[in-house]
file upload_12.pdb (PDB, C-alpha atoms and all ligand atoms)
ATOM      1  CA  LEU W   1      -5.493 119.586  54.421
ATOM      2  CA  LEU W   2      -6.932 120.290  57.859
ATOM      3  CA  CYS W   3     -10.229 121.323  56.239
ATOM      4  CA  ARG W   4     -10.338 118.096  54.274
ATOM      5  CA  LYS W   5      -9.706 116.133  57.465
ATOM      6  CA  LEU W   6     -12.486 117.905  59.355
ATOM      7  CA  ASP W   7     -14.754 117.450  56.363
ATOM      8  CA  ASP W   8     -14.113 113.674  56.251
ATOM      9  CA  LYS W   9     -14.992 113.465  59.916
ATOM     10  CA  GLN W  10     -18.153 115.523  59.470
ATOM     11  CA  VAL W  11     -19.346 113.155  56.742
ATOM     12  CA  VAL W  12     -18.647 110.134  58.963
ATOM     13  CA  THR W  13     -20.340 111.781  61.973
ATOM     14  CA  ASP W  14     -23.453 112.718  59.992
ATOM     15  CA  TYR W  15     -23.702 109.241  58.490
ATOM     16  CA  PHE W  16     -23.390 107.423  61.831
ATOM     17  CA  ASN W  17     -25.964 109.718  63.416
ATOM     18  CA  THR W  18     -28.556 109.076  60.673
ATOM     19  CA  THR W  19     -28.840 106.343  57.999
ATOM     20  CA  GLY W  20     -25.605 104.691  59.088
ATOM     21  CA  PHE W  21     -26.804 104.473  62.663
ATOM     22  CA  GLU W  22     -30.019 102.719  61.641
ATOM     23  CA  ARG W  23     -28.224 100.344  59.301
ATOM     24  CA  TRP W  24     -25.443  99.377  61.717
ATOM     25  CA  ARG W  25     -27.717  99.240  64.778
ATOM     26  CA  ARG W  26     -29.639  96.485  62.972
ATOM     27  CA  ILE W  27     -26.557  94.667  61.734
ATOM     28  CA  TYR W  28     -25.038  94.756  65.242
ATOM     29  CA  SER W  29     -28.099  93.139  66.825
ATOM     30  CA  ASP W  30     -29.112  89.475  66.814
ATOM     31  CA  SER W  31     -32.824  90.124  67.164
ATOM     32  CA  GLU W  32     -33.341  92.502  64.220
ATOM     33  CA  GLN W  33     -34.460  91.304  60.779
ATOM     34  CA  VAL W  34     -31.747  91.889  58.227
ATOM     35  CA  ASN W  35     -31.206  91.010  54.595
ATOM     36  CA  ARG W  36     -28.765  88.420  53.306
ATOM     37  CA  VAL W  37     -25.887  90.838  52.826
ATOM     38  CA  GLN W  38     -26.371  92.393  56.249
ATOM     39  CA  ARG W  39     -26.510  88.949  57.877
ATOM     40  CA  ASP W  40     -23.206  88.092  56.224
ATOM     41  CA  ILE W  41     -21.644  91.306  57.564
ATOM     42  CA  ARG W  42     -23.154  90.617  61.018
ATOM     43  CA  LEU W  43     -21.531  87.175  61.153
ATOM     44  CA  GLY W  44     -18.171  88.443  59.939
ATOM     45  CA  HIS W  45     -18.166  91.261  62.479
ATOM     46  CA  ALA W  46     -19.169  88.915  65.312
ATOM     47  CA  GLU W  47     -16.164  86.807  64.391
ATOM     48  CA  THR W  48     -13.848  89.826  64.613
ATOM     49  CA  VAL W  49     -15.237  90.691  68.067
ATOM     50  CA  HIS W  50     -14.759  87.068  69.128
ATOM     51  CA  LYS W  51     -11.118  87.135  67.964
ATOM     52  CA  VAL W  52     -10.358  90.397  69.777
ATOM     53  CA  LEU W  53     -11.833  88.996  73.003
ATOM     54  CA  GLY W  54      -9.711  85.872  72.444
ATOM     55  CA  MET W  55      -6.577  88.060  72.259
ATOM     56  CA  LEU W  56      -7.480  89.772  75.530
ATOM     57  CA  ASP W  57      -8.272  86.461  77.212
ATOM     58  CA  ALA W  58      -4.961  84.999  76.028
ATOM     59  CA  ALA W  59      -3.097  87.996  77.452
ATOM     60  CA  SER W  60      -3.966  86.995  81.056
ATOM     61  CA  VAL W  61      -4.857  90.566  81.855
ATOM     62  CA  ASP W  62      -5.307  91.439  85.515
ATOM     63  CA  TRP W  63      -8.777  92.878  85.035
ATOM     64  CA  ALA W  64      -9.057  94.201  88.581
ATOM     65  CA  THR W  65      -6.419  96.841  87.776
ATOM     66  CA  HIS W  66      -6.841  97.082  84.004
ATOM     67  CA  THR W  67      -8.271 100.098  82.184
ATOM     68  CA  VAL W  68      -9.649  99.943  78.640
ATOM     69  CA  LEU W  69     -10.574 102.457  75.967
ATOM     70  CA  ASP W  70     -12.749 101.329  73.050
ATOM     71  CA  VAL W  71     -12.749 104.018  70.367
ATOM     72  CA  GLY W  72     -15.439 104.014  67.716
ATOM     73  CA  CYS W  73     -17.377 101.752  70.060
ATOM     74  CA  GLY W  74     -20.528 101.730  67.913
ATOM     75  CA  VAL W  75     -23.389 100.086  69.807
ATOM     76  CA  GLY W  76     -20.948  98.458  72.247
ATOM     77  CA  SER W  77     -20.493  95.058  70.542
ATOM     78  CA  LEU W  78     -16.950  94.821  71.905
ATOM     79  CA  ALA W  79     -17.106  97.237  74.843
ATOM     80  CA  ILE W  80     -19.931  95.330  76.569
ATOM     81  CA  PRO W  81     -18.244  91.891  76.614
ATOM     82  CA  ILE W  82     -15.054  93.606  77.776
ATOM     83  CA  ALA W  83     -17.030  95.257  80.596
ATOM     84  CA  GLN W  84     -18.286  91.777  81.514
ATOM     85  CA  ARG W  85     -14.669  90.841  82.274
ATOM     86  CA  ASN W  86     -14.776  93.406  85.100
ATOM     87  CA  PRO W  87     -12.042  95.871  84.163
ATOM     88  CA  ARG W  88     -11.274  98.606  86.685
ATOM     89  CA  TYR W  89     -12.538 101.206  84.217
ATOM     90  CA  LEU W  90     -13.774 101.180  80.620
ATOM     91  CA  LEU W  91     -14.349 104.199  78.415
ATOM     92  CA  ALA W  92     -16.434 103.618  75.291
ATOM     93  CA  CYS W  93     -16.104 106.515  72.896
ATOM     94  CA  ASP W  94     -17.711 107.244  69.545
ATOM     95  CA  ILE W  95     -17.911 110.276  67.281
ATOM     96  CA  SER W  96     -21.682 109.676  66.886
ATOM     97  CA  THR W  97     -24.056 110.591  69.720
ATOM     98  CA  ALA W  98     -26.621 108.103  68.393
ATOM     99  CA  MET W  99     -24.021 105.341  68.807
ATOM    100  CA  THR W 100     -22.872 106.274  72.324
ATOM    101  CA  THR W 101     -26.500 106.580  73.435
ATOM    102  CA  GLU W 102     -27.312 103.123  72.028
ATOM    103  CA  ALA W 103     -24.141 101.635  73.562
ATOM    104  CA  ARG W 104     -25.043 103.056  76.981
ATOM    105  CA  THR W 105     -28.619 101.717  76.741
ATOM    106  CA  ARG W 106     -27.435  98.221  75.764
ATOM    107  CA  ALA W 107     -24.747  98.239  78.461
ATOM    108  CA  GLU W 108     -27.264  99.172  81.119
ATOM    109  CA  GLN W 109     -29.441  96.230  80.053
ATOM    110  CA  LEU W 110     -26.664  93.670  79.788
ATOM    111  CA  LEU W 111     -24.254  94.574  82.592
ATOM    112  CA  THR W 112     -24.588  94.256  86.340
ATOM    113  CA  ALA W 113     -24.965  97.548  88.208
ATOM    114  CA  ASP W 114     -21.388  97.226  89.414
ATOM    115  CA  GLN W 115     -20.017  96.607  85.901
ATOM    116  CA  PHE W 116     -22.071  99.466  84.473
ATOM    117  CA  ALA W 117     -20.816 101.807  87.194
ATOM    118  CA  ARG W 118     -17.244 101.263  86.012
ATOM    119  CA  CYS W 119     -18.085 102.208  82.402
ATOM    120  CA  ALA W 120     -18.241 105.642  80.830
ATOM    121  CA  PHE W 121     -19.669 106.572  77.443
ATOM    122  CA  ARG W 122     -18.441 109.643  75.634
ATOM    123  CA  THR W 123     -19.253 111.271  72.334
ATOM    124  CA  ALA W 124     -15.888 112.337  71.003
ATOM    125  CA  ASP W 125     -13.595 112.132  68.022
ATOM    126  CA  LEU W 126     -10.868 109.660  69.008
ATOM    127  CA  GLU W 127      -8.239 112.266  68.137
ATOM    128  CA  SER W 128      -9.689 114.642  70.735
ATOM    129  CA  ILE W 129      -9.030 112.287  73.652
ATOM    130  CA  PRO W 130      -6.288 114.032  75.609
ATOM    131  CA  GLU W 131      -2.837 112.432  75.680
ATOM    132  CA  THR W 132      -2.882 112.727  79.454
ATOM    133  CA  GLU W 133      -5.807 110.302  79.630
ATOM    134  CA  ARG W 134      -4.077 106.929  79.364
ATOM    135  CA  PHE W 135      -5.409 103.362  79.246
ATOM    136  CA  ASP W 136      -3.735  99.960  79.607
ATOM    137  CA  THR W 137      -5.503  98.638  76.502
ATOM    138  CA  VAL W 138      -6.921 100.623  73.595
ATOM    139  CA  CYS W 139      -9.161  98.987  70.972
ATOM    140  CA  CYS W 140     -10.089 100.539  67.637
ATOM    141  CA  ILE W 141     -12.150  98.057  65.651
ATOM    142  CA  ASP W 142     -13.528  98.616  62.136
ATOM    143  CA  VAL W 143     -13.021 102.393  62.352
ATOM    144  CA  LEU W 144      -9.963 103.007  60.154
ATOM    145  CA  ILE W 145     -11.943 101.821  57.109
ATOM    146  CA  HIS W 146     -13.671 105.234  57.189
ATOM    147  CA  TYR W 147     -10.433 107.190  56.695
ATOM    148  CA  PRO W 148      -7.690 107.497  54.072
ATOM    149  CA  THR W 149      -4.305 105.999  54.942
ATOM    150  CA  ALA W 150      -2.566 109.262  55.990
ATOM    151  CA  GLN W 151      -5.403 110.046  58.366
ATOM    152  CA  ALA W 152      -5.439 106.481  59.693
ATOM    153  CA  ALA W 153      -1.714 106.872  60.446
ATOM    154  CA  ASP W 154      -2.406 110.109  62.390
ATOM    155  CA  MET W 155      -5.059 108.232  64.372
ATOM    156  CA  ILE W 156      -2.671 105.381  65.183
ATOM    157  CA  ASP W 157      -0.038 107.961  66.260
ATOM    158  CA  HIS W 158      -2.563 109.554  68.587
ATOM    159  CA  LEU W 159      -3.856 106.287  70.038
ATOM    160  CA  SER W 160      -0.251 105.200  70.619
ATOM    161  CA  LYS W 161       0.178 108.106  73.041
ATOM    162  CA  ILE W 162      -2.926 107.034  74.971
ATOM    163  CA  ALA W 163      -2.303 103.268  75.074
ATOM    164  CA  ARG W 164       0.115 102.008  77.705
ATOM    165  CA  GLN W 165       0.480  98.243  77.100
ATOM    166  CA  ARG W 166      -1.674  97.174  74.208
ATOM    167  CA  LEU W 167      -3.276  98.559  71.058
ATOM    168  CA  ILE W 168      -5.689  96.344  69.136
ATOM    169  CA  LEU W 169      -6.862  97.693  65.811
ATOM    170  CA  SER W 170      -8.554  96.408  62.712
ATOM    171  CA  PHE W 171      -8.634  97.569  59.125
ATOM    172  CA  ALA W 172      -9.605  96.334  55.675
ATOM    173  CA  PRO W 173      -6.390  95.165  54.022
ATOM    174  CA  ARG W 174      -5.556  96.412  50.533
ATOM    175  CA  THR W 175      -4.908  93.265  48.607
ATOM    176  CA  LEU W 176      -5.328  92.883  44.870
ATOM    177  CA  TYR W 177      -8.448  90.780  45.395
ATOM    178  CA  TYR W 178     -10.189  93.413  47.506
ATOM    179  CA  VAL W 179      -9.108  96.264  45.270
ATOM    180  CA  LEU W 180     -10.806  94.479  42.377
ATOM    181  CA  LEU W 181     -13.847  93.660  44.465
ATOM    182  CA  LYS W 182     -14.141  97.268  45.560
ATOM    183  CA  ARG W 183     -13.945  98.400  41.940
ATOM    184  CA  ILE W 184     -16.729  96.026  40.995
ATOM    185  CA  GLY W 185     -18.683  97.520  43.864
ATOM    186  CA  ASP W 186     -19.493  94.095  45.200
ATOM    187  CA  PHE W 187     -19.091  94.964  48.844
ATOM    188  CA  PHE W 188     -20.577  97.493  51.264
ATOM    189  CA  PRO W 189     -23.704  97.567  49.131
ATOM    190  CA  GLY W 190     -26.803  99.563  49.965
ATOM    191  CA  PRO W 191     -26.999 102.773  51.980
ATOM    192  CA  SER W 192     -23.519 102.332  53.457
ATOM    193  CA  LYS W 193     -22.271 103.588  50.095
ATOM    194  CA  ALA W 194     -22.975 106.985  51.695
ATOM    195  CA  THR W 195     -19.538 106.667  53.290
ATOM    196  CA  ARG W 196     -16.426 105.697  51.467
ATOM    197  CA  ALA W 197     -14.562 102.562  52.420
ATOM    198  CA  TYR W 198     -10.784 102.876  52.450
ATOM    199  CA  LEU W 199      -8.470  99.891  52.192
ATOM    200  CA  HIS W 200      -5.095 100.057  53.951
ATOM    201  CA  SER W 201      -1.759  98.454  53.232
ATOM    202  CA  GLU W 202      -0.939  96.066  56.049
ATOM    203  CA  LYS W 203       2.743  96.880  55.586
ATOM    204  CA  GLU W 204       2.089 100.594  56.142
ATOM    205  CA  ILE W 205      -0.090  99.975  59.204
ATOM    206  CA  ARG W 206       2.622  97.731  60.688
ATOM    207  CA  GLU W 207       5.272 100.383  59.944
ATOM    208  CA  THR W 208       3.170 103.038  61.669
ATOM    209  CA  LEU W 209       2.827 100.772  64.708
ATOM    210  CA  GLU W 210       6.565 100.058  64.800
ATOM    211  CA  ARG W 211       7.402 103.759  64.477
ATOM    212  CA  ASN W 212       5.303 104.255  67.602
ATOM    213  CA  GLY W 213       7.267 101.664  69.555
ATOM    214  CA  TRP W 214       4.857  98.753  69.176
ATOM    215  CA  ARG W 215       5.565  95.111  68.417
ATOM    216  CA  VAL W 216       2.790  93.146  66.704
ATOM    217  CA  GLN W 217       2.211  90.125  68.913
ATOM    218  CA  SER W 218      -0.705  88.496  67.136
ATOM    219  CA  SER W 219      -3.021  88.978  64.209
ATOM    220  CA  ALA W 220      -6.251  87.559  62.882
ATOM    221  CA  PHE W 221      -8.127  87.837  59.629
ATOM    222  CA  THR W 222     -11.831  87.397  59.044
ATOM    223  CA  ALA W 223     -13.378  87.290  55.608
ATOM    224  CA  THR W 224     -16.931  86.483  54.658
ATOM    225  CA  ARG W 225     -18.545  87.384  51.355
ATOM    226  CA  PHE W 226     -19.194  91.042  52.169
ATOM    227  CA  TYR W 227     -17.063  91.638  55.248
ATOM    228  CA  PHE W 228     -13.331  91.473  55.769
ATOM    229  CA  SER W 229     -11.173  92.752  58.556
ATOM    230  CA  LYS W 230      -7.614  92.235  59.699
ATOM    231  CA  VAL W 231      -6.904  92.613  63.419
ATOM    232  CA  LEU W 232      -3.447  93.404  64.778
ATOM    233  CA  GLU W 233      -2.628  93.152  68.465
ATOM    234  CA  ALA W 234       0.341  95.381  69.282
ATOM    235  CA  ILE W 235       2.136  95.378  72.614
ATOM    236  CA  ARG W 236       5.079  97.208  74.166
TER     237      ARG W 236
HETATM  238  N1  LIG S 301     -16.043  99.357  66.759
HETATM  239  C1  LIG S 301     -17.461  99.046  66.677
HETATM  240  C2  LIG S 301     -17.654  97.588  66.433
HETATM  241  O1  LIG S 301     -16.754  96.950  65.872
HETATM  242  O2  LIG S 301     -18.723  97.070  66.771
HETATM  243  C3  LIG S 301     -18.183  99.887  65.633
HETATM  244  C4  LIG S 301     -17.656  99.809  64.207
HETATM  245  S1  LIG S 301     -18.545 100.910  63.078
HETATM  246  C5  LIG S 301     -18.252 100.209  61.491
HETATM  247  C6  LIG S 301     -17.493 102.347  63.067
HETATM  248  C7  LIG S 301     -17.755 103.285  64.233
HETATM  249  O3  LIG S 301     -16.674 104.215  64.351
HETATM  250  C8  LIG S 301     -19.019 104.112  64.106
HETATM  251  O4  LIG S 301     -19.817 103.959  65.253
HETATM  252  C9  LIG S 301     -18.499 105.532  63.949
HETATM  253  O5  LIG S 301     -19.375 106.519  64.463
HETATM  254  C10 LIG S 301     -17.193 105.476  64.708
HETATM  255  N2  LIG S 301     -16.194 106.498  64.344
HETATM  256  C11 LIG S 301     -15.835 106.870  63.096
HETATM  257  N3  LIG S 301     -14.876 107.823  63.141
HETATM  258  C12 LIG S 301     -14.596 108.042  64.444
HETATM  259  C13 LIG S 301     -13.697 108.918  65.124
HETATM  260  N4  LIG S 301     -12.895 109.752  64.456
HETATM  261  N5  LIG S 301     -13.682 108.904  66.478
HETATM  262  C14 LIG S 301     -14.515 108.070  67.160
HETATM  263  N6  LIG S 301     -15.397 107.225  66.563
HETATM  264  C15 LIG S 301     -15.443 107.201  65.220
END

call {"tool": "encode", "arguments": {"input": "upload_12.pdb", "output": "structure tokens"}}
result
Amino acid sequence: LLCRKLDDKQVVTDYFNTTGFERWRRIYSDSEQVNRVQRDIRLGHAETVHKVLGMLDAASVDWATHTVLDVGCGVGSLAIPIAQRNPRYLLACDISTAMTTEARTRAEQLLTADQFARCAFRTADLESIPETERFDTVCCIDVLIHYPTAQAADMIDHLSKIARQRLILSFAPRTLYYVLLKRIGDFFPGPSKATRAYLHSEKEIRETLERNGWRVQSSAFTATRFYFSKVLEAIR
């Protein structure tokens, strides 16, 4: 089982360092030319980011003392606007070096020197972040889709030990409609087929959160033609 788990992660790492990096770097960028499907995914994802920022803004966080961890940060689509809210410290972590490098480059361009100085970028598997390294808020957006449910639960267990006040995560919900759509192969078309997309039962994700002492305070769902993501904001 451990081998299988490491193998899954190796596939994800390789993909997001190569073809996946190129594909998602373009999708997660307003200036790049993309096709119709990719534009649809770009808009859906931007909406998810917007909703997560809305949750943080509604939480009246005291940013001057607040620390944030964004795991699976990608090119920094969420981490950078969070950094612009001037948290005390932000760690953006991704399993792909290509992603953390791109996130750091974009952050340096978009943030003030002071904001950038309070950010760190680390190439690491989220499950390797030590339990002693704790953050007020932990975000894990559009990452669990790359892992089967049992593994996603292990990840939530681990992140629960690292997050003090708030855990915001997103996943692709397993509803009958999306199961059918997935079977037809009508979403995640193109090279992204190189990784598998896993749907998760919202009930199971909520149970995993509750088992870890969380209470789901708010949720949001975004669906476009080719993108769908459910966000849960859990607090203690
Ligand atoms: N969260 C970002 C966003 O919403 O803009 C990026 C989402 S992208 C679809 C998924 C990202 O998760 C990729 O950059 C990938 O390298 C990263 N990732 C996948 N498995 C991971 C793991 N075990 N630990 C850390 N990052 C991981």

call {"tool": "residues_near_ligand", "arguments": {"input": "upload_12.pdb", "ligand": "ligand LIG 301 (chain S)", "cutoff": "9 Å", "atoms": "all atoms listed in the file", "output": "MDAnalysis selection string"}}
result
chainID W and resid 9 12:17 20:21 24 28 45:46 48:49 70:79 93:100 123:128 139:147 155 170

call {"tool": "residues_around", "arguments": {"input": "upload_12.pdb", "residues": "range 227-232 of chain W", "least_positions_apart": "4", "cutoff": "9 Å", "atoms": "all atoms listed in the file", "output": "VMD selection string"}}
result
chain W and resid 40 to 45 48 51 to 52 141 to 142 167 to 173 187 to 188 202 206 216 to 223

call {"tool": "atom_distance", "arguments": {"input": "upload_12.pdb", "atom1": "CA of Thr105 in chain W", "atom2": "CA of Arg166 in chain W"}}
result
27.4 Å

call {"tool": "residues_around", "arguments": {"input": "upload_12.pdb", "residues": "Asp62 in chain W", "least_positions_apart": "5", "cutoff": "10 Å", "atoms": "all atoms listed in the file", "output": "number ranges by chain"}}
result
W: 67, 85-88

call {"tool": "axis_aligned_box", "arguments": {"input": "upload_12.pdb", "around": "range 14-26 of chain W", "padding_each_side": "6 Å", "output": "JSON"}}
result
{"center_x": -26.7, "center_y": 104.6, "center_z": 61.4, "size_x": 18.6, "size_y": 28.2, "size_z": 18.8}

call {"tool": "atom_distance", "arguments": {"input": "upload_12.pdb", "atom1": "CA of Glu210 in chain W", "atom2": "CA of Ser60 in chain W"}}
result
23.4 Å

call {"tool": "atom_distance", "arguments": {"input": "upload_12.pdb", "atom1": "CA of Val138 in chain W", "atom2": "CA of Trp214 in chain W"}}
result
12.7 Å

call {"tool": "closest_residue", "arguments": {"input": "upload_12.pdb", "among": "W:Arg39, W:Arg236, W:His200, W:Arg211", "to": "Gln151 in chain W", "atoms": "only C-alpha atoms"}}
result
W:His200

call {"tool": "closest_residue", "arguments": {"input": "upload_12.pdb", "among": "W:Lys5, W:Arg104, W:His66, W:His50", "to": "Ala163 in chain W", "atoms": "all atoms listed in the file"}}
result
W:His66

call {"tool": "residues_around", "arguments": {"input": "upload_12.pdb", "residues": "Leu110 in chain W", "least_positions_apart": "4", "cutoff": "9 Å", "atoms": "all atoms listed in the file", "output": "ChimeraX atom specification"}}
result
/W:80,84,105-106,116

call {"tool": "write_last_selection", "arguments": {"input": "upload_12.pdb", "atoms": "C-alpha atoms", "output": "PDB file, keeping the file's coordinate frame"}}
result
ATOM      1  CA  ILE W  80     -19.931  95.330  76.569  1.00  0.00           C
ATOM      2  CA  GLN W  84     -18.286  91.777  81.514  1.00  0.00           C
ATOM      3  CA  THR W 105     -28.619 101.717  76.741  1.00  0.00           C
ATOM      4  CA  ARG W 106     -27.435  98.221  75.764  1.00  0.00           C
ATOM      5  CA  PHE W 116     -22.071  99.466  84.473  1.00  0.00           C
TER       6      PHE W 116
END

call {"tool": "closest_residue", "arguments": {"input": "upload_12.pdb", "among": "W:Arg26, W:Gln115, W:Gln109, W:Leu90", "to": "Phe135 in chain W", "atoms": "only C-alpha atoms"}}
result
W:Leu90

call {"tool": "closest_residue", "arguments": {"input": "upload_12.pdb", "among": "W:Leu91, W:Val11, W:Ala152, W:Ala107", "to": "Arg122 in chain W", "atoms": "all atoms listed in the file"}}
result
W:Leu91

call {"tool": "residues_around", "arguments": {"input": "upload_12.pdb", "residues": "Leu209 in chain W", "least_positions_apart": "5", "cutoff": "9 Å", "atoms": "only C-alpha atoms", "output": "list of chain:residue names"}}
result
W:Ala153, W:Ile156, W:Asp157, W:Ser160, W:Glu204, W:Trp214, W:Arg215, W:Val216, W:Ala234

call {"tool": "decode", "arguments": {"input": "upload_12.pdb", "residues": "range 206-215 of chain W", "atoms": "all heavy atoms", "output": "PDB file, in the first residue's frame"}}
result
ATOM      1  N   ARG W 206     -16.454  15.414   4.794  1.00  0.00           N
ATOM      2  CA  ARG W 206     -16.972  16.084   6.000  1.00  0.00           C
ATOM      3  C   ARG W 206     -16.736  15.228   7.232  1.00  0.00           C
ATOM      4  O   ARG W 206     -16.390  15.737   8.293  1.00  0.00           O
ATOM      5  CB  ARG W 206     -18.474  16.386   5.840  1.00  0.00           C
ATOM      6  CG  ARG W 206     -18.741  17.624   4.993  1.00  0.00           C
ATOM      7  CD  ARG W 206     -20.236  17.859   4.853  1.00  0.00           C
ATOM      8  NE  ARG W 206     -20.544  19.017   4.018  1.00  0.00           N
ATOM      9  CZ  ARG W 206     -20.838  20.230   4.497  1.00  0.00           C
ATOM     10  NH1 ARG W 206     -20.877  20.452   5.787  1.00  0.00           N
ATOM     11  NH2 ARG W 206     -21.087  21.228   3.658  1.00  0.00           N
ATOM     12  N   GLU W 207     -16.921  13.900   7.092  1.00  0.00           N
ATOM     13  CA  GLU W 207     -16.690  12.994   8.231  1.00  0.00           C
ATOM     14  C   GLU W 207     -15.229  13.015   8.650  1.00  0.00           C
ATOM     15  O   GLU W 207     -14.908  13.023   9.840  1.00  0.00           O
ATOM     16  CB  GLU W 207     -17.125  11.567   7.879  1.00  0.00           C
ATOM     17  CG  GLU W 207     -18.633  11.384   7.991  1.00  0.00           C
ATOM     18  CD  GLU W 207     -19.164  10.102   7.347  1.00  0.00           C
ATOM     19  OE1 GLU W 207     -18.339   9.272   6.872  1.00  0.00           O
ATOM     20  OE2 GLU W 207     -20.391   9.942   7.298  1.00  0.00           O
ATOM     21  N   THR W 208     -14.337  13.038   7.664  1.00  0.00           N
ATOM     22  CA  THR W 208     -12.899  13.094   7.973  1.00  0.00           C
ATOM     23  C   THR W 208     -12.577  14.388   8.721  1.00  0.00           C
ATOM     24  O   THR W 208     -11.832  14.381   9.699  1.00  0.00           O
ATOM     25  CB  THR W 208     -12.067  13.007   6.671  1.00  0.00           C
ATOM     26  OG1 THR W 208     -12.435  11.819   5.980  1.00  0.00           O
ATOM     27  CG2 THR W 208     -10.576  12.994   6.962  1.00  0.00           C
ATOM     28  N   LEU W 209     -13.175  15.485   8.279  1.00  0.00           N
ATOM     29  CA  LEU W 209     -12.944  16.770   8.958  1.00  0.00           C
ATOM     30  C   LEU W 209     -13.461  16.707  10.397  1.00  0.00           C
ATOM     31  O   LEU W 209     -12.758  17.096  11.339  1.00  0.00           O
ATOM     32  CB  LEU W 209     -13.630  17.908   8.189  1.00  0.00           C
ATOM     33  CG  LEU W 209     -12.956  18.337   6.882  1.00  0.00           C
ATOM     34  CD1 LEU W 209     -13.867  19.266   6.081  1.00  0.00           C
ATOM     35  CD2 LEU W 209     -11.613  19.031   7.155  1.00  0.00           C
ATOM     36  N   GLU W 210     -14.662  16.181  10.565  1.00  0.00           N
ATOM     37  CA  GLU W 210     -15.257  16.119  11.910  1.00  0.00           C
ATOM     38  C   GLU W 210     -14.437  15.232  12.832  1.00  0.00           C
ATOM     39  O   GLU W 210     -14.205  15.561  13.992  1.00  0.00           O
ATOM     40  CB  GLU W 210     -16.711  15.650  11.831  1.00  0.00           C
ATOM     41  CG  GLU W 210     -17.662  16.801  11.490  1.00  0.00           C
ATOM     42  CD  GLU W 210     -18.974  16.350  10.872  1.00  0.00           C
ATOM     43  OE1 GLU W 210     -19.401  15.205  11.139  1.00  0.00           O
ATOM     44  OE2 GLU W 210     -19.564  17.152  10.112  1.00  0.00           O
ATOM     45  N   ARG W 211     -13.965  14.117  12.316  1.00  0.00           N
ATOM     46  CA  ARG W 211     -13.119  13.200  13.097  1.00  0.00           C
ATOM     47  C   ARG W 211     -11.861  13.925  13.590  1.00  0.00           C
ATOM     48  O   ARG W 211     -11.308  13.611  14.637  1.00  0.00           O
ATOM     49  CB  ARG W 211     -12.752  12.010  12.198  1.00  0.00           C
ATOM     50  CG  ARG W 211     -12.005  10.907  12.878  1.00  0.00           C
ATOM     51  CD  ARG W 211     -12.044   9.587  12.095  1.00  0.00           C
ATOM     52  NE  ARG W 211     -11.872   9.683  10.655  1.00  0.00           N
ATOM     53  CZ  ARG W 211     -10.725   9.996  10.045  1.00  0.00           C
ATOM     54  NH1 ARG W 211      -9.653  10.250  10.734  1.00  0.00           N
ATOM     55  NH2 ARG W 211     -10.675  10.055   8.725  1.00  0.00           N
ATOM     56  N   ASN W 212     -11.439  14.915  12.843  1.00  0.00           N
ATOM     57  CA  ASN W 212     -10.242  15.675  13.217  1.00  0.00           C
ATOM     58  C   ASN W 212     -10.576  16.929  14.036  1.00  0.00           C
ATOM     59  O   ASN W 212      -9.738  17.812  14.184  1.00  0.00           O
ATOM     60  CB  ASN W 212      -9.456  16.063  11.964  1.00  0.00           C
ATOM     61  CG  ASN W 212      -8.607  14.906  11.442  1.00  0.00           C
ATOM     62  OD1 ASN W 212      -7.625  14.531  12.061  1.00  0.00           O
ATOM     63  ND2 ASN W 212      -9.018  14.322  10.330  1.00  0.00           N
ATOM     64  N   GLY W 213     -11.806  16.996  14.517  1.00  0.00           N
ATOM     65  CA  GLY W 213     -12.172  18.093  15.413  1.00  0.00           C
ATOM     66  C   GLY W 213     -12.574  19.385  14.726  1.00  0.00           C
ATOM     67  O   GLY W 213     -12.624  20.431  15.356  1.00  0.00           O
ATOM     68  N   TRP W 214     -12.903  19.301  13.436  1.00  0.00           N
ATOM     69  CA  TRP W 214     -13.294  20.510  12.706  1.00  0.00           C
ATOM     70  C   TRP W 214     -14.808  20.652  12.647  1.00  0.00           C
ATOM     71  O   TRP W 214     -15.534  19.658  12.712  1.00  0.00           O
ATOM     72  CB  TRP W 214     -12.770  20.471  11.263  1.00  0.00           C
ATOM     73  CG  TRP W 214     -11.292  20.501  11.139  1.00  0.00           C
ATOM     74  CD1 TRP W 214     -10.473  19.450  10.829  1.00  0.00           C
ATOM     75  CD2 TRP W 214     -10.443  21.639  11.302  1.00  0.00           C
ATOM     76  NE1 TRP W 214      -9.164  19.868  10.792  1.00  0.00           N
ATOM     77  CE2 TRP W 214      -9.122  21.202  11.082  1.00  0.00           C
ATOM     78  CE3 TRP W 214     -10.665  22.982  11.615  1.00  0.00           C
ATOM     79  CZ2 TRP W 214      -8.024  22.057  11.157  1.00  0.00           C
ATOM     80  CZ3 TRP W 214      -9.574  23.835  11.699  1.00  0.00           C
ATOM     81  CH2 TRP W 214      -8.274  23.366  11.470  1.00  0.00           C
ATOM     82  N   ARG W 215     -15.256  21.875  12.457  1.00  0.00           N
ATOM     83  CA  ARG W 215     -16.662  22.161  12.183  1.00  0.00           C
ATOM     84  C   ARG W 215     -16.694  22.932  10.860  1.00  0.00           C
ATOM     85  O   ARG W 215     -15.958  23.912  10.704  1.00  0.00           O
ATOM     86  CB  ARG W 215     -17.212  23.026  13.315  1.00  0.00           C
ATOM     87  CG  ARG W 215     -18.669  23.417  13.162  1.00  0.00           C
ATOM     88  CD  ARG W 215     -19.184  24.086  14.440  1.00  0.00           C
ATOM     89  NE  ARG W 215     -18.603  25.424  14.650  1.00  0.00           N
ATOM     90  CZ  ARG W 215     -18.987  26.526  14.012  1.00  0.00           C
ATOM     91  NH1 ARG W 215     -19.931  26.462  13.094  1.00  0.00           N
ATOM     92  NH2 ARG W 215     -18.429  27.691  14.264  1.00  0.00           N
TER      93      ARG W 215
END
